[in-house]
Amino acid sequence: FLHYVLFPRVNDEDLSFHRGIFRSELWERIVNLPTTAEKVLEVNRWCHEIASYEMQDERTASPLTVYRCGSGRCGEESAFLVSALRSVGIAARQVYSPRWAHCDDNHAWVEALCDGQWRFLGACEPEPVLDRGWFNSPASRAMLVHSRVFGAAEHPLHGEEICTIGAVTWFNQISRYALTQRRTLRVEVEGEGISGAVIYIQILNEASFHTIATLVTDKNGEASIELGLGDFHIFVEYCEYICEKDAGDEAFITLELQGYLDALPIGEVLHSKDYIAPLDAPVNASPLSAAQKRERAAVLAEGRAKREARIAAMFPESAADKPYADLLRAARGNAAEIETFLSADSDPRREVMLRSLSKKDLRDTTAEILESHLRALAPQGDLPDDIYIPYVLCPRIDLEPLRAWREELTQALQVLTSDPELLYNEIARHVKLSYTDIYGQLVTPPAQAWQAKRGSSRSQDLLYVALLRTQGIPARLRSLDGVPEYYREGKWICVFHTPTFSMHLRTEGDAVYRQNWTLSRRISDWELLHLENETWSDGTMHLSLPEGQYRLTSCVRMPNGNQFALHREFMRYRGKKNSFDLTFRSYELSDLLRSQRLPLMSATTLDGKTVENICAADGRPTILLWLEEGGEPTEHILNELIAAKDALQETDISVRFLLRSREAMRQRTIALALEQLPFVSVLLDDWAYDLETAARHLTCDPDTPPLAVVCDADGNAVYGVSGYSAGSVELILRIAKHLTK
């Protein structure tokens with residue numbers, strides 16, 4: 001009750017006063033339902049009527065903001081559902097796969113306590129039954145699923161404890177979702193076990209290593225954890241010692257520490273590694289009956305209609321002709337606050353300030369906070385707009401909760417120096433660093449850090465930037481690595497004077513940062529640099545970087561989830577050779593293939609007959625194509641299919657179009673394709689389940705049709721791709737020919 005009903009925080013969301021609102025809307029809907037499970041399902045139906053998924057920035061909005069504005073990321077949706085369940089007295093928690101091993105993403109969902117057992121469900125994604133969601137298959141491939149509580153907890157219902165970091169205790173939930181193996185890790189120096197060493201369990205995701213669990217060794221130098229059946233990476237630190245190692249299916253792993261200086265690379269060190277993802281092994285298979293599929297489709301359609309009508313009503317029609325109508329539309333349920341701020345007077349800075357904020361900020365900031373920033377705003381002077389607006393006027397610094405701070409910090413500057421060179425050290429004397437009583441994902445806003453005289457190092461950085469902006473000195477956190485900078489005489493100056501060097505990267509491939517390559521710098525552990533906004537010019541990228549030790553990683557992700565990686569480690573200082581070729585591992589056609597048994601999916605022929613298994617076609621390989629009529633990616637793939645008519649006819653393979661309705665056949669390009677490709681068969685499928693099921697099993701995106709799946713003669717999926725890229729039909733044909741050899 002204390003952790004899963006009473007406690008107001010779910011993860012790192014902004015806190016809000018929402019329980020009374022949620023309970024008032026939910027109580028009559030669930031009070032007479034006979035079981036907790038039915039209550040949980042009904043609460044989720046309500047959540048679906050209120051909110052749906054929308055890609056947004058990484059700041060986690062409050063449950064009240066999600067309610068008022070109708071959308072959120074998976075972390076926000078799951079915090080919303082947990083909060084709704086807790087508001088009617090149902091114990092609930094958020095669980096996370098912090099990083100998938102088989103694709104570049106992560107996911108959060110919800111567990112609710114029903115009759116003493118944890119049951120899971122996808123937030124705002126109603127199903128007819130519990131223990132079911134689109135993520136059933138991905139979760140069976142997870143290396144770790146965890147939950148958290150704030151403070152200490154010992155009851156068996158929490159699960160197996162992983163570790164306590166600051167104010168948070170983490171628990172392992174992987175065994176309910178995937179096949180697992182217990183790994184024991186021993187840290188030693190010259191054969192002697194080291195107590196208190198910190199072990200970071202990491203997954204290669206987005207072409208860099210991400211920590212999914214932190215362990216601390218016992219008196220024997222050992223720690224253990226239950227993980228999924230795939231490869232992972234280990235980083236260990238202890239005082240001035242470190243160790244790194246890749247691991248696979250070993251049950252016992254020895255980690256030999258070496259001194260930090262001894263671990264520095266001599267010259268350039270190149271390391272090639274295949275990282276094997278866990279196989280799909282459904283632990284919670286829960287197929288739906290035909291009646292349940294119809295029920296699910298009806299609930300989704302009804303909920304979607306209610307939600308869309310509710311969102312449409314958030315925009316005041318009277319504002320349609322106003323010059324800032326787009327701001328009010330983006331603010332959704334917070335439009336009244338934005339209108340109040342904008343209409344207070346004719347000061348043009350009001351609209352400029354709002355346009356410096358994110359869409360999420362518009363949805364949850366208040367007129368009072370905005371007004372406070374405007375009152376104490378330093379004048380622009382001779383600063384250009386592109387410096388003054390984002391780095392002085394804007395009240396947003398990073399992803400901290402947006403609060404008023406200029407007036408409070410104006411008072412603080414009476415006891416602090418205004419010199420940006422000396423200010424950071426002065427802040428460090430006034431604001432105590434907190435380590436043991438914090439949650440690392442939370443930061444204290446600037447004014448509150450100053451009032452409390454304590455906060456994390458990130459909170460200190462935010463306070464420094466806010467104090468400079470209060471004085472009218474442009475300041476920011478450097479996009480490269482988050483280090484504070486200030487602007488003076490036309491250039492940005494880092495508060496820490498670290499020497500830099502120039503790096504020149506060259507590539508001939510399609511290099512996308514945090515998709516197939518990254519660059520990291522070692523501080524203690526490796527710190528991923530943020531180069532998303534850097535661009536290639538004629539195959540070259542020019543970077544100015546702090547001196548130090550670097551790791552350049554390139555990664556090729558296979559459709560089966562495995563990765564072919566290259567790691568290059570090197571030291572770099574001024575005056576050294578600093579040009580590098582970014583290269584990628586090569587692969588064969590056979591590396592693209594898998595053998596994945598999909599759940600049984602049926603569809604209907606045009607004459608009303610049921611095809612029980614769309615993946616199997618008279619013992620021949622099959623190409624399945626879920627096509628979105630009129631969608632541009634679908635148009636491209638249809639044109640490529642028409643151009644490849646002769647090659648398709650020569651290949652002994654079945655081609656099936658999965659369309660949502662007969663009307664789709666009248667769409668111009670689909671009609672042309674059916675005319676030019678008479679050997680194609682059409683099946684009717686409403687996409688309510690099959691598209692998402694197939695996509696998720698094959699690590700494709702179900703929200704970017706078309707979806708193409710190639711199945712072998714036995715009906716096993718060997719390849720899948722969603723969306724469109726030039727040449728995708730050519731590759732599908734190559735695979736089809738390979739299967740018919």
# chains A, B, ... in the order shown; residues from 1 in each chain; ligands from 1
>>> closest_atom_pairs(of="segment 78-132 of chain A", to="segment 157-161 of chain A", cutoff="10 Å", atoms="only C-alpha atoms", output="JSON lines")
{"residue": "A:Leu113", "atom": "CA", "partner": "A:Leu157", "partner_atom": "CA", "distance": 9.3}
{"residue": "A:Gly116", "atom": "CA", "partner": "A:Leu157", "partner_atom": "CA", "distance": 8.2}
{"residue": "A:Gln117", "atom": "CA", "partner": "A:Leu157", "partner_atom": "CA", "distance": 8.2}
{"residue": "A:Trp118", "atom": "CA", "partner": "A:Leu157", "partner_atom": "CA", "distance": 8.3}
>>> write_last_selection(atoms="N, CA and C atoms", output="short mmCIF file (atom, residue, chain, number, x, y, z; two decimals), in the first residue's frame")
data_model
loop_
_atom_site.label_atom_id
_atom_site.label_comp_id
_atom_site.auth_asym_id
_atom_site.auth_seq_id
_atom_site.Cartn_x
_atom_site.Cartn_y
_atom_site.Cartn_z
N LEU A 113 -1.54 -5.23 -9.16
CA LEU A 113 -1.63 -6.36 -8.23
C LEU A 113 -3.07 -6.85 -8.16
N GLY A 116 -3.07 -10.85 -5.24
CA GLY A 116 -1.74 -11.25 -4.80
C GLY A 116 -0.76 -11.55 -5.91
N GLN A 117 -1.16 -11.34 -7.16
CA GLN A 117 -0.26 -11.59 -8.29
C GLN A 117 -0.12 -10.34 -9.14
N TRP A 118 1.10 -10.11 -9.64
CA TRP A 118 1.32 -9.00 -10.55
C TRP A 118 0.87 -9.42 -11.95
#
>>> select_by_dssp(residues="segment 99-335 of chain A", states="strand (DSSP E or B)", output="ChimeraX atom specification")
/A:107-114,117-121,132,146-150,160-165,168-172,180-189,192-193,198-205,208-216,222-228,232-238,241-247,252-256,258-259,269-275
>>> select_by_dssp(residues="segment 272-490 of chain A", states="helix (DSSP H, G or I)", output="VMD selection string")
chain A and resid 290 to 312 317 to 319 325 to 342 349 to 355 359 to 364 367 to 375 385 to 393 406 to 412 420 to 430 446 to 452 457 to 471
>>> write_last_selection(atoms="C-alpha atoms", output="short mmCIF file (atom, residue, chain, number, x, y, z; two decimals), in the first residue's frame")
data_model
loop_
_atom_site.label_atom_id
_atom_site.label_comp_id
_atom_site.auth_asym_id
_atom_site.auth_seq_id
_atom_site.Cartn_x
_atom_site.Cartn_y
_atom_site.Cartn_z
CA ALA A 290 -12.25 -14.13 -33.01
CA ALA A 291 -14.83 -12.68 -30.61
CA GLN A 292 -12.11 -11.07 -28.49
CA LYS A 293 -10.52 -9.56 -31.60
CA ARG A 294 -13.86 -8.00 -32.53
CA GLU A 295 -14.29 -6.72 -28.98
CA ARG A 296 -10.78 -5.24 -29.02
CA ALA A 297 -11.36 -3.50 -32.36
CA ALA A 298 -14.65 -2.02 -31.12
CA VAL A 299 -13.11 -0.74 -27.88
CA LEU A 300 -10.20 0.82 -29.75
CA ALA A 301 -12.47 2.52 -32.27
CA GLU A 302 -14.83 3.87 -29.60
CA GLY A 303 -11.97 5.09 -27.41
CA ARG A 304 -10.19 6.72 -30.34
CA ALA A 305 -13.34 8.59 -31.35
CA LYS A 306 -13.88 9.90 -27.81
CA ARG A 307 -10.25 10.97 -27.49
CA GLU A 308 -10.11 12.74 -30.83
CA ALA A 309 -13.35 14.60 -30.11
CA ARG A 310 -12.02 15.63 -26.71
CA ILE A 311 -8.73 16.91 -28.17
CA ALA A 312 -10.54 18.78 -30.96
CA GLU A 317 -12.80 28.35 -32.06
CA SER A 318 -12.74 32.05 -31.17
CA ALA A 319 -8.92 31.93 -31.43
CA ALA A 325 -3.48 30.49 -32.91
CA ASP A 326 -0.84 27.82 -33.53
CA LEU A 327 0.47 28.27 -29.97
CA LEU A 328 -3.00 27.79 -28.51
CA ARG A 329 -3.59 24.75 -30.67
CA ALA A 330 -0.28 23.23 -29.55
CA ALA A 331 -1.10 23.97 -25.89
CA ARG A 332 -4.25 21.84 -26.06
CA GLY A 333 -5.79 21.67 -22.58
CA ASN A 334 -3.43 24.38 -21.33
CA ALA A 335 -4.58 26.93 -23.91
CA ALA A 336 -6.29 29.11 -21.29
CA GLU A 337 -2.99 29.64 -19.42
CA ILE A 338 -1.18 30.51 -22.64
CA GLU A 339 -3.97 32.89 -23.68
CA THR A 340 -3.87 34.59 -20.27
CA PHE A 341 -0.14 35.25 -20.62
CA LEU A 342 -0.32 36.41 -24.24
CA ARG A 349 8.42 39.50 -25.93
CA ARG A 350 5.47 37.42 -24.71
CA GLU A 351 5.04 35.59 -27.99
CA VAL A 352 8.80 35.38 -28.51
CA MET A 353 9.20 33.71 -25.11
CA LEU A 354 6.50 31.14 -25.87
CA ARG A 355 8.01 30.32 -29.25
CA LYS A 359 5.26 21.94 -27.37
CA LYS A 360 5.31 20.07 -24.07
CA ASP A 361 6.17 23.27 -22.19
CA LEU A 362 3.17 24.98 -23.77
CA ARG A 363 1.01 22.16 -22.41
CA ASP A 364 1.99 22.41 -18.77
CA ALA A 367 0.87 32.11 -16.89
CA GLU A 368 2.28 32.91 -13.43
CA ILE A 369 5.64 31.25 -14.19
CA LEU A 370 5.88 32.95 -17.57
CA GLU A 371 4.94 36.32 -16.09
CA SER A 372 7.64 35.99 -13.44
CA HIS A 373 10.28 35.38 -16.10
CA LEU A 374 9.08 38.35 -18.13
CA ARG A 375 9.12 40.72 -15.13
CA ASP A 385 18.38 37.58 -31.59
CA ASP A 386 19.87 34.13 -32.20
CA ILE A 387 21.90 34.49 -28.99
CA TYR A 388 19.56 36.52 -26.78
CA ILE A 389 16.34 34.57 -27.39
CA PRO A 390 17.51 30.99 -26.72
CA TYR A 391 20.21 31.75 -24.14
CA VAL A 392 18.85 34.71 -22.12
CA LEU A 393 15.14 35.16 -22.73
CA ARG A 406 14.84 35.03 -12.25
CA GLU A 407 13.44 37.11 -9.36
CA GLU A 408 14.76 34.70 -6.71
CA LEU A 409 18.20 34.59 -8.32
CA THR A 410 18.34 38.37 -8.64
CA GLN A 411 18.42 38.33 -4.83
CA ALA A 412 21.03 35.55 -4.81
CA PRO A 420 31.22 33.98 -14.89
CA GLU A 421 34.83 32.85 -14.42
CA LEU A 422 34.48 32.75 -10.62
CA LEU A 423 30.76 32.07 -10.24
CA TYR A 424 30.83 28.28 -10.68
CA ASN A 425 33.26 27.71 -7.81
CA GLU A 426 31.25 30.08 -5.66
CA ILE A 427 28.08 28.08 -6.34
CA ALA A 428 29.91 24.92 -5.30
CA ARG A 429 30.66 26.54 -1.92
CA HIS A 430 27.03 27.53 -1.35
CA PRO A 446 17.58 26.60 -10.10
CA ALA A 447 15.68 28.66 -7.51
CA GLN A 448 14.91 25.58 -5.42
CA ALA A 449 18.55 24.43 -5.51
CA TRP A 450 19.58 27.85 -4.24
CA GLN A 451 16.92 27.84 -1.51
CA ALA A 452 17.79 24.33 -0.32
CA SER A 457 25.96 18.24 -9.98
CA ARG A 458 23.43 18.66 -12.79
CA SER A 459 21.40 20.95 -10.53
CA GLN A 460 24.54 23.02 -9.91
CA ASP A 461 25.07 23.33 -13.66
CA LEU A 462 21.48 24.51 -14.16
CA LEU A 463 21.83 27.03 -11.34
CA TYR A 464 25.01 28.41 -12.91
CA VAL A 465 23.33 28.90 -16.30
CA ALA A 466 20.24 30.45 -14.70
CA LEU A 467 22.32 32.93 -12.67
CA LEU A 468 24.11 34.09 -15.81
CA ARG A 469 20.89 34.46 -17.80
CA THR A 470 19.40 36.43 -14.91
CA GLN A 471 22.23 38.95 -15.39
#
>>> residues_around(residues="Leu442 of chain A", least_positions_apart="4", cutoff="12 Å", atoms="only C-alpha atoms", output="MDAnalysis selection string")
chainID A and resid 9 11:15 59:60 166:168 398:401 434 437:438 455:459
>>> residues_around(residues="segment 131-143 of chain A", least_positions_apart="5", cutoff="8 Å", atoms="only C-alpha atoms", output="PDB file with N, CA, C and O atoms, in the first residue's frame")
ATOM      1  N   SER A  97      11.741  -2.156 -19.613  1.00  0.00           N
ATOM      2  CA  SER A  97      12.919  -2.758 -20.224  1.00  0.00           C
ATOM      3  C   SER A  97      13.810  -1.577 -20.577  1.00  0.00           C
ATOM      4  O   SER A  97      13.545  -0.864 -21.548  1.00  0.00           O
ATOM      5  N   ARG A  99      16.612  -1.007 -21.921  1.00  0.00           N
ATOM      6  CA  ARG A  99      17.072  -1.023 -23.309  1.00  0.00           C
ATOM      7  C   ARG A  99      16.802  -2.411 -23.869  1.00  0.00           C
ATOM      8  O   ARG A  99      17.114  -3.415 -23.236  1.00  0.00           O
ATOM      9  N   TRP A 100      16.180  -2.466 -25.048  1.00  0.00           N
ATOM     10  CA  TRP A 100      16.049  -3.754 -25.725  1.00  0.00           C
ATOM     11  C   TRP A 100      17.416  -4.205 -26.241  1.00  0.00           C
ATOM     12  O   TRP A 100      18.258  -3.380 -26.582  1.00  0.00           O
ATOM     13  N   ALA A 101      17.596  -5.522 -26.322  1.00  0.00           N
ATOM     14  CA  ALA A 101      18.823  -6.060 -26.923  1.00  0.00           C
ATOM     15  C   ALA A 101      18.668  -6.255 -28.428  1.00  0.00           C
ATOM     16  O   ALA A 101      19.653  -6.260 -29.160  1.00  0.00           O
ATOM     17  N   HIS A 102      17.424  -6.391 -28.909  1.00  0.00           N
ATOM     18  CA  HIS A 102      17.194  -6.769 -30.303  1.00  0.00           C
ATOM     19  C   HIS A 102      16.838  -5.596 -31.200  1.00  0.00           C
ATOM     20  O   HIS A 102      16.739  -5.762 -32.417  1.00  0.00           O
ATOM     21  N   ARG A 119      -0.043  -8.608 -12.537  1.00  0.00           N
ATOM     22  CA  ARG A 119      -0.524  -8.827 -13.906  1.00  0.00           C
ATOM     23  C   ARG A 119      -0.123  -7.615 -14.745  1.00  0.00           C
ATOM     24  O   ARG A 119      -0.152  -6.487 -14.259  1.00  0.00           O
ATOM     25  N   PHE A 120       0.231  -7.829 -15.997  1.00  0.00           N
ATOM     26  CA  PHE A 120       0.743  -6.697 -16.771  1.00  0.00           C
ATOM     27  C   PHE A 120      -0.206  -6.300 -17.896  1.00  0.00           C
ATOM     28  O   PHE A 120      -1.056  -7.081 -18.345  1.00  0.00           O
ATOM     29  N   LEU A 121      -0.027  -5.064 -18.363  1.00  0.00           N
ATOM     30  CA  LEU A 121      -0.829  -4.531 -19.463  1.00  0.00           C
ATOM     31  C   LEU A 121      -0.124  -3.320 -20.058  1.00  0.00           C
ATOM     32  O   LEU A 121       0.707  -2.689 -19.401  1.00  0.00           O
ATOM     33  N   GLY A 122      -0.441  -3.011 -21.315  1.00  0.00           N
ATOM     34  CA  GLY A 122       0.123  -1.852 -21.990  1.00  0.00           C
ATOM     35  C   GLY A 122      -0.695  -0.613 -21.689  1.00  0.00           C
ATOM     36  O   GLY A 122      -1.921  -0.606 -21.850  1.00  0.00           O
ATOM     37  N   GLU A 125      -3.475   1.123 -23.963  1.00  0.00           N
ATOM     38  CA  GLU A 125      -3.583   0.159 -25.059  1.00  0.00           C
ATOM     39  C   GLU A 125      -4.484  -0.979 -24.588  1.00  0.00           C
ATOM     40  O   GLU A 125      -4.012  -2.062 -24.233  1.00  0.00           O
ATOM     41  N   ILE A 174      12.493  -9.803 -14.687  1.00  0.00           N
ATOM     42  CA  ILE A 174      12.688 -10.425 -15.987  1.00  0.00           C
ATOM     43  C   ILE A 174      12.109 -11.839 -16.066  1.00  0.00           C
ATOM     44  O   ILE A 174      11.637 -12.267 -17.124  1.00  0.00           O
ATOM     45  N   TYR A 177       8.854 -12.606 -17.862  1.00  0.00           N
ATOM     46  CA  TYR A 177       8.703 -12.185 -19.250  1.00  0.00           C
ATOM     47  C   TYR A 177       9.571 -12.953 -20.241  1.00  0.00           C
ATOM     48  O   TYR A 177       9.263 -12.962 -21.431  1.00  0.00           O
ATOM     49  N   ALA A 178      10.655 -13.559 -19.778  1.00  0.00           N
ATOM     50  CA  ALA A 178      11.602 -14.156 -20.725  1.00  0.00           C
ATOM     51  C   ALA A 178      12.291 -15.358 -20.091  1.00  0.00           C
ATOM     52  O   ALA A 178      12.298 -15.526 -18.865  1.00  0.00           O
ATOM     53  N   LEU A 179      12.874 -16.180 -20.944  1.00  0.00           N
ATOM     54  CA  LEU A 179      13.756 -17.236 -20.466  1.00  0.00           C
ATOM     55  C   LEU A 179      15.032 -16.578 -19.941  1.00  0.00           C
ATOM     56  O   LEU A 179      15.546 -15.632 -20.556  1.00  0.00           O
ATOM     57  N   LEU A 227      19.431 -12.631 -15.919  1.00  0.00           N
ATOM     58  CA  LEU A 227      19.316 -11.870 -17.159  1.00  0.00           C
ATOM     59  C   LEU A 227      18.733 -12.745 -18.258  1.00  0.00           C
ATOM     60  O   LEU A 227      18.725 -13.974 -18.164  1.00  0.00           O
ATOM     61  N   GLY A 228      18.278 -12.101 -19.330  1.00  0.00           N
ATOM     62  CA  GLY A 228      17.836 -12.825 -20.505  1.00  0.00           C
ATOM     63  C   GLY A 228      18.988 -13.513 -21.206  1.00  0.00           C
ATOM     64  O   GLY A 228      20.163 -13.345 -20.840  1.00  0.00           O
ATOM     65  N   LEU A 229      18.674 -14.273 -22.248  1.00  0.00           N
ATOM     66  CA  LEU A 229      19.665 -15.140 -22.891  1.00  0.00           C
ATOM     67  C   LEU A 229      20.289 -14.468 -24.103  1.00  0.00           C
ATOM     68  O   LEU A 229      20.074 -14.871 -25.254  1.00  0.00           O
ATOM     69  N   GLY A 230      21.062 -13.439 -23.869  1.00  0.00           N
ATOM     70  CA  GLY A 230      21.741 -12.736 -24.948  1.00  0.00           C
ATOM     71  C   GLY A 230      23.073 -12.185 -24.487  1.00  0.00           C
ATOM     72  O   GLY A 230      23.459 -12.327 -23.320  1.00  0.00           O
ATOM     73  N   ALA A 277      21.440 -11.215 -29.920  1.00  0.00           N
ATOM     74  CA  ALA A 277      20.235 -10.870 -29.158  1.00  0.00           C
ATOM     75  C   ALA A 277      19.505 -12.141 -28.734  1.00  0.00           C
ATOM     76  O   ALA A 277      19.604 -13.180 -29.399  1.00  0.00           O
ATOM     77  N   PRO A 278      18.761 -12.090 -27.637  1.00  0.00           N
ATOM     78  CA  PRO A 278      17.943 -13.253 -27.247  1.00  0.00           C
ATOM     79  C   PRO A 278      16.935 -13.597 -28.339  1.00  0.00           C
ATOM     80  O   PRO A 278      16.449 -12.718 -29.068  1.00  0.00           O
ATOM     81  N   LEU A 279      16.608 -14.877 -28.439  1.00  0.00           N
ATOM     82  CA  LEU A 279      15.608 -15.317 -29.406  1.00  0.00           C
ATOM     83  C   LEU A 279      14.210 -15.033 -28.876  1.00  0.00           C
ATOM     84  O   LEU A 279      13.996 -14.902 -27.673  1.00  0.00           O
ATOM     85  N   ASP A 280      13.266 -14.940 -29.799  1.00  0.00           N
ATOM     86  CA  ASP A 280      11.863 -14.766 -29.429  1.00  0.00           C
ATOM     87  C   ASP A 280      11.361 -16.081 -28.834  1.00  0.00           C
ATOM     88  O   ASP A 280      11.338 -17.109 -29.498  1.00  0.00           O
ATOM     89  N   ALA A 281      10.971 -16.056 -27.574  1.00  0.00           N
ATOM     90  CA  ALA A 281      10.476 -17.260 -26.903  1.00  0.00           C
ATOM     91  C   ALA A 281       9.291 -16.865 -26.032  1.00  0.00           C
ATOM     92  O   ALA A 281       9.448 -16.582 -24.845  1.00  0.00           O
ATOM     93  N   PRO A 282       8.084 -16.780 -26.631  1.00  0.00           N
ATOM     94  CA  PRO A 282       6.935 -16.235 -25.908  1.00  0.00           C
ATOM     95  C   PRO A 282       6.670 -16.953 -24.589  1.00  0.00           C
ATOM     96  O   PRO A 282       6.323 -18.132 -24.560  1.00  0.00           O
ATOM     97  N   VAL A 283       6.858 -16.226 -23.501  1.00  0.00           N
ATOM     98  CA  VAL A 283       6.589 -16.758 -22.167  1.00  0.00           C
ATOM     99  C   VAL A 283       5.136 -16.498 -21.794  1.00  0.00           C
ATOM    100  O   VAL A 283       4.522 -17.261 -21.057  1.00  0.00           O
ATOM    101  N   ASN A 284       4.580 -15.409 -22.333  1.00  0.00           N
ATOM    102  CA  ASN A 284       3.207 -15.028 -22.006  1.00  0.00           C
ATOM    103  C   ASN A 284       2.348 -15.004 -23.261  1.00  0.00           C
ATOM    104  O   ASN A 284       1.710 -14.006 -23.585  1.00  0.00           O
ATOM    105  N   ALA A 285       2.352 -16.104 -24.010  1.00  0.00           N
ATOM    106  CA  ALA A 285       1.531 -16.175 -25.214  1.00  0.00           C
ATOM    107  C   ALA A 285       0.054 -16.133 -24.813  1.00  0.00           C
ATOM    108  O   ALA A 285      -0.391 -16.910 -23.972  1.00  0.00           O
ATOM    109  N   SER A 286      -0.692 -15.218 -25.399  1.00  0.00           N
ATOM    110  CA  SER A 286      -2.115 -15.099 -25.056  1.00  0.00           C
ATOM    111  C   SER A 286      -2.900 -14.717 -26.301  1.00  0.00           C
ATOM    112  O   SER A 286      -3.312 -13.569 -26.461  1.00  0.00           O
ATOM    113  N   GLU A 692       0.378  -5.150 -36.246  1.00  0.00           N
ATOM    114  CA  GLU A 692       1.233  -4.848 -35.100  1.00  0.00           C
ATOM    115  C   GLU A 692       1.942  -6.100 -34.606  1.00  0.00           C
ATOM    116  O   GLU A 692       3.126  -6.063 -34.260  1.00  0.00           O
ATOM    117  N   THR A 693       1.234  -7.230 -34.591  1.00  0.00           N
ATOM    118  CA  THR A 693       1.846  -8.481 -34.140  1.00  0.00           C
ATOM    119  C   THR A 693       3.041  -8.852 -35.009  1.00  0.00           C
ATOM    120  O   THR A 693       4.130  -9.146 -34.513  1.00  0.00           O
ATOM    121  N   ARG A 696       5.998  -6.238 -34.588  1.00  0.00           N
ATOM    122  CA  ARG A 696       6.729  -6.313 -33.321  1.00  0.00           C
ATOM    123  C   ARG A 696       7.584  -7.572 -33.251  1.00  0.00           C
ATOM    124  O   ARG A 696       8.689  -7.542 -32.696  1.00  0.00           O
ATOM    125  N   HIS A 697       7.100  -8.688 -33.788  1.00  0.00           N
ATOM    126  CA  HIS A 697       7.906  -9.907 -33.781  1.00  0.00           C
ATOM    127  C   HIS A 697       9.159  -9.760 -34.624  1.00  0.00           C
ATOM    128  O   HIS A 697      10.172 -10.413 -34.367  1.00  0.00           O
ATOM    129  N   THR A 699      10.794  -6.835 -35.181  1.00  0.00           N
ATOM    130  CA  THR A 699      11.472  -5.580 -34.805  1.00  0.00           C
ATOM    131  C   THR A 699      11.287  -4.504 -35.864  1.00  0.00           C
ATOM    132  O   THR A 699      12.205  -3.746 -36.171  1.00  0.00           O
TER     133      THR A 699
END
>>> closest_residue(among="A:Ile212, A:Ala694, A:Leu505, A:Ile194", to="Asn172 of chain A", atoms="only C-alpha atoms")
A:Ile212
>>> atom_distance(atom1="atom CA of Ile30 of chain A", atom2="atom CA of Ser87 of chain A")
11.9 Å
>>> residues_around(residues="segment 573-589 of chain A", least_positions_apart="3", cutoff="6 Å", atoms="only C-alpha atoms", output="list in words")
Phe501, Met503, His504, Leu505, Arg506, Thr507, Glu547, Ser554 and Leu592 of chain A
>>> atom_distance(atom1="atom CA of Asp685 of chain A", atom2="atom CA of Leu707 of chain A")
13.1 Å
>>> residues_around(residues="Ser661 of chain A", least_positions_apart="2", cutoff="10 Å", atoms="only C-alpha atoms", output="list in words")
Leu606, Glu629, Leu658, Leu659, Glu663, Ala664, Met665, Arg666, Leu683, Leu684, Asp685 and Asp686 of chain A
>>> closest_residue(among="A:Leu204, A:Val709, A:Leu733, A:Leu215", to="Arg594 of chain A", atoms="only C-alpha atoms")
A:Val709
>>> residues_around(residues="Trp170 of chain A", least_positions_apart="6", cutoff="12 Å", atoms="only C-alpha atoms", output="PyMOL selection string")
chain A and resi 11+94-96+98+144-154+158-164+212-215+439
